[in-house]
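Novice: Structure file final_18.pdb (PDB, C-alpha atoms) is given on the next line.
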```
ATOM      1  CA  MET A   1      23.717  -6.291   2.752  1.00  0.00           C
ATOM      2  CA  ALA A   2      22.907  -9.733   1.333  1.00  0.00           C
ATOM      3  CA  ASP A   3      23.190 -12.866   3.426  1.00  0.00           C
ATOM      4  CA  ASN A   4      23.047 -16.502   2.425  1.00  0.00           C
ATOM      5  CA  SER A   5      19.248 -16.617   2.540  1.00  0.00           C
ATOM      6  CA  ILE A   6      17.372 -16.795  -0.724  1.00  0.00           C
ATOM      7  CA  LEU A   7      15.016 -13.855  -0.709  1.00  0.00           C
ATOM      8  CA  CYS A   8      13.415 -11.323  -2.973  1.00  0.00           C
ATOM      9  CA  ASP A   9      16.390  -9.556  -4.572  1.00  0.00           C
ATOM     10  CA  TRP A  10      14.781  -6.102  -4.466  1.00  0.00           C
ATOM     11  CA  ALA A  11      15.000  -6.241  -0.674  1.00  0.00           C
ATOM     12  CA  ASP A  12      18.769  -5.873  -0.625  1.00  0.00           C
ATOM     13  CA  LYS A  13      18.789  -2.426  -2.232  1.00  0.00           C
ATOM     14  CA  SER A  14      19.019  -0.733   1.184  1.00  0.00           C
ATOM     15  CA  LYS A  15      18.687  -1.395   4.901  1.00  0.00           C
ATOM     16  CA  LYS A  16      15.201   0.169   4.916  1.00  0.00           C
ATOM     17  CA  MET A  17      14.089  -1.969   1.987  1.00  0.00           C
ATOM     18  CA  ARG A  18      15.384  -5.102   3.740  1.00  0.00           C
ATOM     19  CA  GLU A  19      13.590  -4.191   6.965  1.00  0.00           C
ATOM     20  CA  TYR A  20      10.389  -3.474   5.035  1.00  0.00           C
ATOM     21  CA  HIS A  21      10.674  -6.810   3.188  1.00  0.00           C
ATOM     22  CA  ASP A  22      11.404  -8.806   6.330  1.00  0.00           C
ATOM     23  CA  ASN A  23       8.914  -7.167   8.685  1.00  0.00           C
ATOM     24  CA  GLU A  24       6.036  -5.703   6.668  1.00  0.00           C
ATOM     25  CA  TRP A  25       5.725  -6.559   2.967  1.00  0.00           C
ATOM     26  CA  GLY A  26       3.232  -9.320   2.363  1.00  0.00           C
ATOM     27  CA  ARG A  27       2.309  -9.813   6.010  1.00  0.00           C
ATOM     28  CA  PRO A  28      -1.493  -9.926   6.290  1.00  0.00           C
ATOM     29  CA  LEU A  29      -2.693  -6.478   7.312  1.00  0.00           C
ATOM     30  CA  HIS A  30      -6.300  -6.066   8.450  1.00  0.00           C
ATOM     31  CA  ASP A  31      -6.232  -2.995  10.708  1.00  0.00           C
ATOM     32  CA  GLU A  32      -8.375  -0.318   9.072  1.00  0.00           C
ATOM     33  CA  THR A  33      -6.075   2.653   9.683  1.00  0.00           C
ATOM     34  CA  SER A  34      -2.924   0.721   8.762  1.00  0.00           C
ATOM     35  CA  LEU A  35      -4.519  -0.530   5.541  1.00  0.00           C
ATOM     36  CA  PHE A  36      -5.655   2.960   4.625  1.00  0.00           C
ATOM     37  CA  GLY A  37      -2.170   4.284   5.426  1.00  0.00           C
ATOM     38  CA  LEU A  38      -0.602   1.700   3.140  1.00  0.00           C
ATOM     39  CA  PHE A  39      -3.029   2.603   0.369  1.00  0.00           C
ATOM     40  CA  VAL A  40      -2.152   6.301   0.749  1.00  0.00           C
ATOM     41  CA  LEU A  41       1.550   5.467   0.573  1.00  0.00           C
ATOM     42  CA  GLU A  42       0.952   3.374  -2.555  1.00  0.00           C
ATOM     43  CA  THR A  43      -0.753   6.353  -4.179  1.00  0.00           C
ATOM     44  CA  PHE A  44       2.211   8.555  -3.245  1.00  0.00           C
ATOM     45  CA  GLN A  45       4.516   5.954  -4.811  1.00  0.00           C
ATOM     46  CA  ALA A  46       2.850   6.119  -8.242  1.00  0.00           C
ATOM     47  CA  GLY A  47       5.607   6.906 -10.737  1.00  0.00           C
ATOM     48  CA  LEU A  48       8.295   6.886  -8.051  1.00  0.00           C
ATOM     49  CA  SER A  49      10.349   4.246  -6.269  1.00  0.00           C
ATOM     50  CA  TRP A  50       9.178   2.510  -3.112  1.00  0.00           C
ATOM     51  CA  SER A  51      12.559   3.263  -1.533  1.00  0.00           C
ATOM     52  CA  LEU A  52      11.760   7.002  -1.830  1.00  0.00           C
ATOM     53  CA  VAL A  53       8.391   6.416  -0.149  1.00  0.00           C
ATOM     54  CA  LEU A  54      10.093   4.539   2.683  1.00  0.00           C
ATOM     55  CA  GLU A  55      12.561   7.403   3.148  1.00  0.00           C
ATOM     56  CA  LYS A  56       9.688   9.883   3.462  1.00  0.00           C
ATOM     57  CA  ARG A  57       7.111   7.608   5.115  1.00  0.00           C
ATOM     58  CA  GLU A  58       7.362   8.988   8.661  1.00  0.00           C
ATOM     59  CA  ALA A  59       7.123  12.585   7.453  1.00  0.00           C
ATOM     60  CA  ILE A  60       4.098  11.696   5.303  1.00  0.00           C
ATOM     61  CA  ARG A  61       2.528   9.882   8.262  1.00  0.00           C
ATOM     62  CA  ASN A  62       3.094  12.955  10.461  1.00  0.00           C
ATOM     63  CA  ALA A  63       1.719  15.345   7.833  1.00  0.00           C
ATOM     64  CA  LEU A  64      -1.376  13.148   7.419  1.00  0.00           C
ATOM     65  CA  PHE A  65      -2.276  12.658  11.093  1.00  0.00           C
ATOM     66  CA  SER A  66      -1.045   9.036  11.274  1.00  0.00           C
ATOM     67  CA  PHE A  67      -3.400   8.284   8.358  1.00  0.00           C
ATOM     68  CA  ASN A  68      -6.526   9.078  10.375  1.00  0.00           C
ATOM     69  CA  PRO A  69      -9.134   9.519   7.614  1.00  0.00           C
ATOM     70  CA  GLU A  70     -11.397  11.781   9.713  1.00  0.00           C
ATOM     71  CA  LYS A  71      -8.555  14.237  10.227  1.00  0.00           C
ATOM     72  CA  ILE A  72      -7.219  13.974   6.673  1.00  0.00           C
ATOM     73  CA  MET A  73     -10.608  14.752   5.120  1.00  0.00           C
ATOM     74  CA  GLY A  74     -10.628  18.030   7.046  1.00  0.00           C
ATOM     75  CA  LEU A  75      -7.474  19.352   5.392  1.00  0.00           C
ATOM     76  CA  SER A  76      -8.039  22.705   3.702  1.00  0.00           C
ATOM     77  CA  GLU A  77      -6.454  24.228   0.607  1.00  0.00           C
ATOM     78  CA  THR A  78      -4.227  26.227   2.983  1.00  0.00           C
ATOM     79  CA  ASP A  79      -3.085  22.938   4.549  1.00  0.00           C
ATOM     80  CA  VAL A  80      -2.349  21.521   1.086  1.00  0.00           C
ATOM     81  CA  ILE A  81      -0.244  24.581   0.216  1.00  0.00           C
ATOM     82  CA  SER A  82       1.631  24.194   3.496  1.00  0.00           C
ATOM     83  CA  MET A  83       2.290  20.527   2.736  1.00  0.00           C
ATOM     84  CA  LEU A  84       3.611  21.452  -0.716  1.00  0.00           C
ATOM     85  CA  GLU A  85       6.253  23.549   1.059  1.00  0.00           C
ATOM     86  CA  ASN A  86       7.365  20.635   3.263  1.00  0.00           C
ATOM     87  CA  PRO A  87      10.605  19.177   1.795  1.00  0.00           C
ATOM     88  CA  LEU A  88      10.341  16.082   4.005  1.00  0.00           C
ATOM     89  CA  ILE A  89       7.344  14.652   2.131  1.00  0.00           C
ATOM     90  CA  ILE A  90       6.551  13.842  -1.499  1.00  0.00           C
ATOM     91  CA  ARG A  91       5.297  17.216  -2.661  1.00  0.00           C
ATOM     92  CA  ASN A  92       2.694  16.487  -5.277  1.00  0.00           C
ATOM     93  CA  ARG A  93      -0.591  18.386  -5.182  1.00  0.00           C
ATOM     94  CA  ALA A  94      -2.561  15.645  -6.971  1.00  0.00           C
ATOM     95  CA  LYS A  95      -1.342  12.984  -4.537  1.00  0.00           C
ATOM     96  CA  ILE A  96      -2.068  15.109  -1.474  1.00  0.00           C
ATOM     97  CA  LYS A  97      -5.552  15.912  -2.806  1.00  0.00           C
ATOM     98  CA  SER A  98      -6.004  12.200  -3.521  1.00  0.00           C
ATOM     99  CA  ALA A  99      -5.240  11.384   0.132  1.00  0.00           C
ATOM    100  CA  ILE A 100      -7.990  13.813   1.140  1.00  0.00           C
ATOM    101  CA  GLN A 101     -10.468  12.396  -1.378  1.00  0.00           C
ATOM    102  CA  ASN A 102      -9.624   8.808  -0.422  1.00  0.00           C
ATOM    103  CA  ALA A 103     -10.108   9.646   3.255  1.00  0.00           C
ATOM    104  CA  LYS A 104     -13.584  10.931   2.373  1.00  0.00           C
ATOM    105  CA  ALA A 105     -14.267   7.691   0.474  1.00  0.00           C
ATOM    106  CA  VAL A 106     -13.201   5.584   3.482  1.00  0.00           C
ATOM    107  CA  ILE A 107     -15.459   7.606   5.783  1.00  0.00           C
ATOM    108  CA  ALA A 108     -18.350   7.081   3.353  1.00  0.00           C
ATOM    109  CA  ILE A 109     -17.642   3.320   3.458  1.00  0.00           C
ATOM    110  CA  HIS A 110     -17.794   3.433   7.272  1.00  0.00           C
ATOM    111  CA  GLU A 111     -21.042   5.394   7.172  1.00  0.00           C
ATOM    112  CA  ARG A 112     -22.553   2.547   5.123  1.00  0.00           C
ATOM    113  CA  GLY A 113     -21.552   0.104   7.866  1.00  0.00           C
ATOM    114  CA  GLN A 114     -18.674  -1.446   5.924  1.00  0.00           C
ATOM    115  CA  SER A 115     -14.927  -1.386   6.336  1.00  0.00           C
ATOM    116  CA  PHE A 116     -12.134  -0.660   3.909  1.00  0.00           C
ATOM    117  CA  SER A 117     -10.476  -3.858   5.145  1.00  0.00           C
ATOM    118  CA  GLU A 118     -13.491  -6.004   4.185  1.00  0.00           C
ATOM    119  CA  ILE A 119     -13.558  -4.480   0.728  1.00  0.00           C
ATOM    120  CA  ALA A 120      -9.803  -4.856   0.176  1.00  0.00           C
ATOM    121  CA  TRP A 121      -9.675  -8.450   1.421  1.00  0.00           C
ATOM    122  CA  SER A 122     -12.656  -9.440  -0.716  1.00  0.00           C
ATOM    123  CA  TYR A 123     -10.192  -9.385  -3.638  1.00  0.00           C
ATOM    124  CA  GLN A 124      -7.884 -12.011  -2.161  1.00  0.00           C
ATOM    125  CA  PRO A 125      -7.564 -14.720  -4.809  1.00  0.00           C
ATOM    126  CA  LYS A 126      -8.706 -18.199  -3.821  1.00  0.00           C
ATOM    127  CA  ILE A 127      -5.477 -19.611  -5.281  1.00  0.00           C
ATOM    128  CA  HIS A 128      -2.224 -17.686  -5.490  1.00  0.00           C
ATOM    129  CA  SER A 129       1.144 -19.363  -5.956  1.00  0.00           C
ATOM    130  CA  MET A 130       4.286 -17.635  -4.801  1.00  0.00           C
ATOM    131  CA  PRO A 131       6.411 -16.745  -7.848  1.00  0.00           C
ATOM    132  CA  SER A 132       9.680 -18.573  -8.417  1.00  0.00           C
ATOM    133  CA  SER A 133      11.297 -15.554 -10.070  1.00  0.00           C
ATOM    134  CA  ILE A 134      10.724 -11.830 -10.241  1.00  0.00           C
ATOM    135  CA  ASP A 135       9.701 -12.260 -13.895  1.00  0.00           C
ATOM    136  CA  GLU A 136       6.589 -14.138 -12.743  1.00  0.00           C
ATOM    137  CA  ILE A 137       5.304 -11.226 -10.652  1.00  0.00           C
ATOM    138  CA  PRO A 138       2.613  -9.328 -12.566  1.00  0.00           C
ATOM    139  CA  SER A 139       2.122  -5.578 -12.350  1.00  0.00           C
ATOM    140  CA  GLN A 140      -1.638  -6.098 -12.230  1.00  0.00           C
ATOM    141  CA  THR A 141      -4.160  -8.925 -12.195  1.00  0.00           C
ATOM    142  CA  GLU A 142      -7.833  -9.412 -12.848  1.00  0.00           C
ATOM    143  CA  ALA A 143      -8.413  -9.036  -9.098  1.00  0.00           C
ATOM    144  CA  SER A 144      -6.522  -5.730  -8.971  1.00  0.00           C
ATOM    145  CA  ARG A 145      -8.425  -4.482 -12.017  1.00  0.00           C
ATOM    146  CA  ASN A 146     -11.699  -5.358 -10.303  1.00  0.00           C
ATOM    147  CA  MET A 147     -10.551  -3.729  -7.066  1.00  0.00           C
ATOM    148  CA  SER A 148      -9.609  -0.615  -9.021  1.00  0.00           C
ATOM    149  CA  ILE A 149     -13.045  -0.398 -10.634  1.00  0.00           C
ATOM    150  CA  ARG A 150     -14.795  -0.809  -7.302  1.00  0.00           C
ATOM    151  CA  LEU A 151     -12.619   1.680  -5.444  1.00  0.00           C
ATOM    152  CA  ARG A 152     -13.041   4.274  -8.173  1.00  0.00           C
ATOM    153  CA  ASN A 153     -16.795   3.717  -8.066  1.00  0.00           C
ATOM    154  CA  LEU A 154     -16.583   4.377  -4.319  1.00  0.00           C
ATOM    155  CA  GLY A 155     -14.861   7.713  -4.982  1.00  0.00           C
ATOM    156  CA  PHE A 156     -11.182   6.759  -4.640  1.00  0.00           C
ATOM    157  CA  THR A 157      -8.574   8.425  -6.841  1.00  0.00           C
ATOM    158  CA  PHE A 158      -5.088   7.241  -7.816  1.00  0.00           C
ATOM    159  CA  ALA A 159      -6.616   3.766  -7.564  1.00  0.00           C
ATOM    160  CA  GLY A 160      -5.519   2.202 -10.830  1.00  0.00           C
ATOM    161  CA  PRO A 161      -4.985  -1.548 -11.190  1.00  0.00           C
ATOM    162  CA  ILE A 162      -1.188  -1.311 -10.787  1.00  0.00           C
ATOM    163  CA  THR A 163      -1.506   0.719  -7.581  1.00  0.00           C
ATOM    164  CA  CYS A 164      -4.152  -1.728  -6.358  1.00  0.00           C
ATOM    165  CA  TYR A 165      -1.911  -4.713  -7.072  1.00  0.00           C
ATOM    166  CA  SER A 166       1.035  -3.135  -5.291  1.00  0.00           C
ATOM    167  CA  PHE A 167      -1.293  -2.457  -2.359  1.00  0.00           C
ATOM    168  CA  MET A 168      -2.463  -6.102  -2.434  1.00  0.00           C
ATOM    169  CA  GLN A 169       1.171  -7.239  -2.276  1.00  0.00           C
ATOM    170  CA  GLY A 170       2.079  -4.910   0.581  1.00  0.00           C
ATOM    171  CA  ALA A 171      -1.028  -5.802   2.599  1.00  0.00           C
ATOM    172  CA  GLY A 172      -0.520  -9.552   2.183  1.00  0.00           C
ATOM    173  CA  ILE A 173      -3.700  -9.972   0.166  1.00  0.00           C
ATOM    174  CA  VAL A 174      -1.330 -11.793  -2.178  1.00  0.00           C
ATOM    175  CA  ASN A 175       2.025 -13.279  -1.177  1.00  0.00           C
ATOM    176  CA  ASP A 176       4.476 -12.352  -3.921  1.00  0.00           C
ATOM    177  CA  HIS A 177       7.617 -13.198  -2.009  1.00  0.00           C
ATOM    178  CA  LEU A 178       9.672 -15.534  -4.158  1.00  0.00           C
ATOM    179  CA  SER A 179       8.904 -19.183  -3.506  1.00  0.00           C
ATOM    180  CA  GLU A 180      12.268 -19.822  -1.818  1.00  0.00           C
ATOM    181  CA  CYS A 181      12.236 -16.633   0.257  1.00  0.00           C
ATOM    182  CA  PRO A 182      12.205 -17.595   3.959  1.00  0.00           C
ATOM    183  CA  ILE A 183       9.971 -14.627   4.803  1.00  0.00           C
ATOM    184  CA  GLY A 184       7.426 -15.610   2.167  1.00  0.00           C
ATOM    185  CA  ILE A 185       7.469 -19.210   3.365  1.00  0.00           C
ATOM    186  CA  GLU A 186       6.873 -18.011   6.931  1.00  0.00           C
ATOM    187  CA  ILE A 187       3.954 -15.842   5.778  1.00  0.00           C
ATOM    188  CA  SER A 188       2.396 -18.679   3.769  1.00  0.00           C
ATOM    189  CA  ARG A 189       2.470 -20.875   6.867  1.00  0.00           C
ATOM    190  CA  LEU A 190       0.735 -18.180   8.918  1.00  0.00           C
ATOM    191  CA  LYS A 191      -2.229 -18.230   6.555  1.00  0.00           C
ATOM    192  CA  HIS A 192      -2.984 -21.916   7.121  1.00  0.00           C
TER     193      HIS A 192
END
```
Once you've parsed the file, please lay out its structure as structure tokens.
Specialist:
Amino acid sequence: MADNSILCDWADKSKKMREYHDNEWGRPLHDETSLFGLFVLETFQAGLSWSLVLEKREAIRNALFSFNPEKIMGLSETDVISMLENPLIIRNRAKIKSAIQNAKAVIAIHERGQSFSEIAWSYQPKIHSMPSSIDEIPSQTEASRNMSIRLRNLGFTFAGPITCYSFMQGAGIVNDHLSECPIGIEISRLKH
């Protein structure tokens, strides 16, 4: 799987992880539905591996109406029970209910004339250096702790500081590709 490029070593765990690393992780994401979808996936990942989420991502996307918050917030208890019987997704009642609650929170943000994207990107640090080793990558930061507080105040669940930081990494709010990773270097050039 590995080639001669220096890249984030976690990316070579599987073909899907490599594709995610090369094409999605850390690339600036501003689209409202895509950002919300990533946040939902990060909440499903809590306590599990990202590779498992990637394996089940399409089934989760299908079960949750392509992450359309208006449709998700309309899911009933009967729908939740049906989803818990679906072996293709991560079957966790609390996480499914969280997706519904978080969809409601996003809709409430929209009703106030704001966007989830604006809120998420307001936590982009002014200065963020790409790490030179995996040991330099934090699990949470002051910015992710502040994001977590704000999102929880807005009604989000499963929005702890570690989940928020992972979301920030995935959405490109921070670029935590290793400093010699060609993908990370490409992304850092796109921002300037």
Novice: Can you list, as a PyMOL selection string, every protein, DNA or RNA residue that comes within 8 Å of range 47-55 of chain A when you count all atoms listed in the file, leaving out same-chain residues fewer than 6 positions away?
Specialist: chain A and resi 16-17+41+90
Novice: Enclose all atoms of range 65-83 of chain A listed in the file in an axis-aligned box, grow every side by 4 Å, and hand back centre and edge lengths in Å to one decimal, as lines of an AutoDock Vina configuration file.
Specialist:
```
center_x = -4.6
center_y = 17.3
center_z = 5.7
size_x = 21.7
size_y = 25.9
size_z = 19.1
```
Novice: Contacts of range 179-182 of chain A at 8 Å or less, counting all atoms listed in the file, minus same-chain residues fewer than 3 places along, as a PDB file with C-alpha atoms, in the coordinates of the input?
Specialist:
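Output file result_23.pdb follows:
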```pdb
ATOM      1  CA  SER A   5      19.248 -16.617   2.540  1.00  0.00           C
ATOM      2  CA  ILE A   6      17.372 -16.795  -0.724  1.00  0.00           C
ATOM      3  CA  LEU A   7      15.016 -13.855  -0.709  1.00  0.00           C
ATOM      4  CA  CYS A   8      13.415 -11.323  -2.973  1.00  0.00           C
ATOM      5  CA  MET A 130       4.286 -17.635  -4.801  1.00  0.00           C
ATOM      6  CA  PRO A 131       6.411 -16.745  -7.848  1.00  0.00           C
ATOM      7  CA  SER A 132       9.680 -18.573  -8.417  1.00  0.00           C
ATOM      8  CA  SER A 133      11.297 -15.554 -10.070  1.00  0.00           C
ATOM      9  CA  ILE A 185       7.469 -19.210   3.365  1.00  0.00           C
ATOM     10  CA  GLU A 186       6.873 -18.011   6.931  1.00  0.00           C
TER      11      GLU A 186
END
```
Novice: Could you pull the residues within 10 Å of Pro138 in chain A, counting all atoms listed in the file, minus those fewer than 2 positions along the same chain, as an MDAnalysis selection string?
Specialist: chainID A and resid 131 134:136 140:141 162 165:166 176
Novice: For the file shown, report as an NGL selection string the outcome of the PyMOL selection byres ((chain A and resi 172) around 9) at residue level.
Specialist: :A and (24-29 or 124 or 167-171 or 173-176 or 187)
Novice: Name the residues in contact with Phe156 in chain A at a cut-off of 8 Å, using all atoms listed in the file, excluding same-chain residues fewer than 6 positions from it; report them as a ChimeraX atom specification.
Specialist: /A:98,101-102,105
Novice: Carefully work through the PyMOL selection byres ((chain A and resi 64) around 10) for this structure and note down the residues it includes, as an MDAnalysis selection string.
Specialist: chainID A and resid 37 40 58:63 65:69 71:73 75 83 96 99:100
Novice: Taking into account only C-alpha atoms, which residue in the set A:Ile127, A:Ala46, A:Ala120, A:Ala11 is nearest to Gly160 in chain A?
Specialist: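 When distances to Gly160 in chain A are compared using only C-alpha atoms, the smallest one comes from A:Ala46.
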Novice: Applying 9 Å and all atoms listed in the file, which residues near Phe39 in chain A remain after dropping the ones on its own chain fewer than 5 positions away? List them as a list in words.
Specialist: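 In the requested format, the answer is Ser34, Phe44, Ala159, Thr163, Cys164, Phe167 and Ala171 of chain A.
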Novice: Could you tell me which residues the PyMOL selection byres ((chain A and resi 81) around 12) grabs in this file, written as a PyMOL selection string?
Specialist: chain A and resi 75-80+82-86+91-94+96-97
Novice: Selected residues, C-alpha atoms, written as a PDB file, in the frame of the given file, please.
Specialist:
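Once everything was written out, this is result.pdb:
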```
ATOM      1  CA  LEU A  75      -7.474  19.352   5.392  1.00  0.00           C
ATOM      2  CA  SER A  76      -8.039  22.705   3.702  1.00  0.00           C
ATOM      3  CA  GLU A  77      -6.454  24.228   0.607  1.00  0.00           C
ATOM      4  CA  THR A  78      -4.227  26.227   2.983  1.00  0.00           C
ATOM      5  CA  ASP A  79      -3.085  22.938   4.549  1.00  0.00           C
ATOM      6  CA  VAL A  80      -2.349  21.521   1.086  1.00  0.00           C
ATOM      7  CA  SER A  82       1.631  24.194   3.496  1.00  0.00           C
ATOM      8  CA  MET A  83       2.290  20.527   2.736  1.00  0.00           C
ATOM      9  CA  LEU A  84       3.611  21.452  -0.716  1.00  0.00           C
ATOM     10  CA  GLU A  85       6.253  23.549   1.059  1.00  0.00           C
ATOM     11  CA  ASN A  86       7.365  20.635   3.263  1.00  0.00           C
ATOM     12  CA  ARG A  91       5.297  17.216  -2.661  1.00  0.00           C
ATOM     13  CA  ASN A  92       2.694  16.487  -5.277  1.00  0.00           C
ATOM     14  CA  ARG A  93      -0.591  18.386  -5.182  1.00  0.00           C
ATOM     15  CA  ALA A  94      -2.561  15.645  -6.971  1.00  0.00           C
ATOM     16  CA  ILE A  96      -2.068  15.109  -1.474  1.00  0.00           C
ATOM     17  CA  LYS A  97      -5.552  15.912  -2.806  1.00  0.00           C
TER      18      LYS A  97
END
```
Novice: How many Å separate CA of Glu32 in chain A from CA of Phe116 in chain A?
Specialist: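 Value for the CA of Glu32 in chain A-CA of Phe116 in chain A distance: 6.4 Å.
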Novice: Ranking A:Ile137, A:Ile89, A:Ala108, A:Tyr20 by minimum distance to Leu178 in chain A and counting only C-alpha atoms, which one comes first?
Specialist: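 Closest to Leu178 in chain A of all the choices is A:Ile137.
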Novice: Which residue, A:Leu190, A:Pro87, A:Ile107, A:Asn23, has the smallest gap to Lys56 in chain A when you use all atoms listed in the file?
Specialist: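 With all atoms listed in the file as the atom set, the closest residue is A:Pro87.
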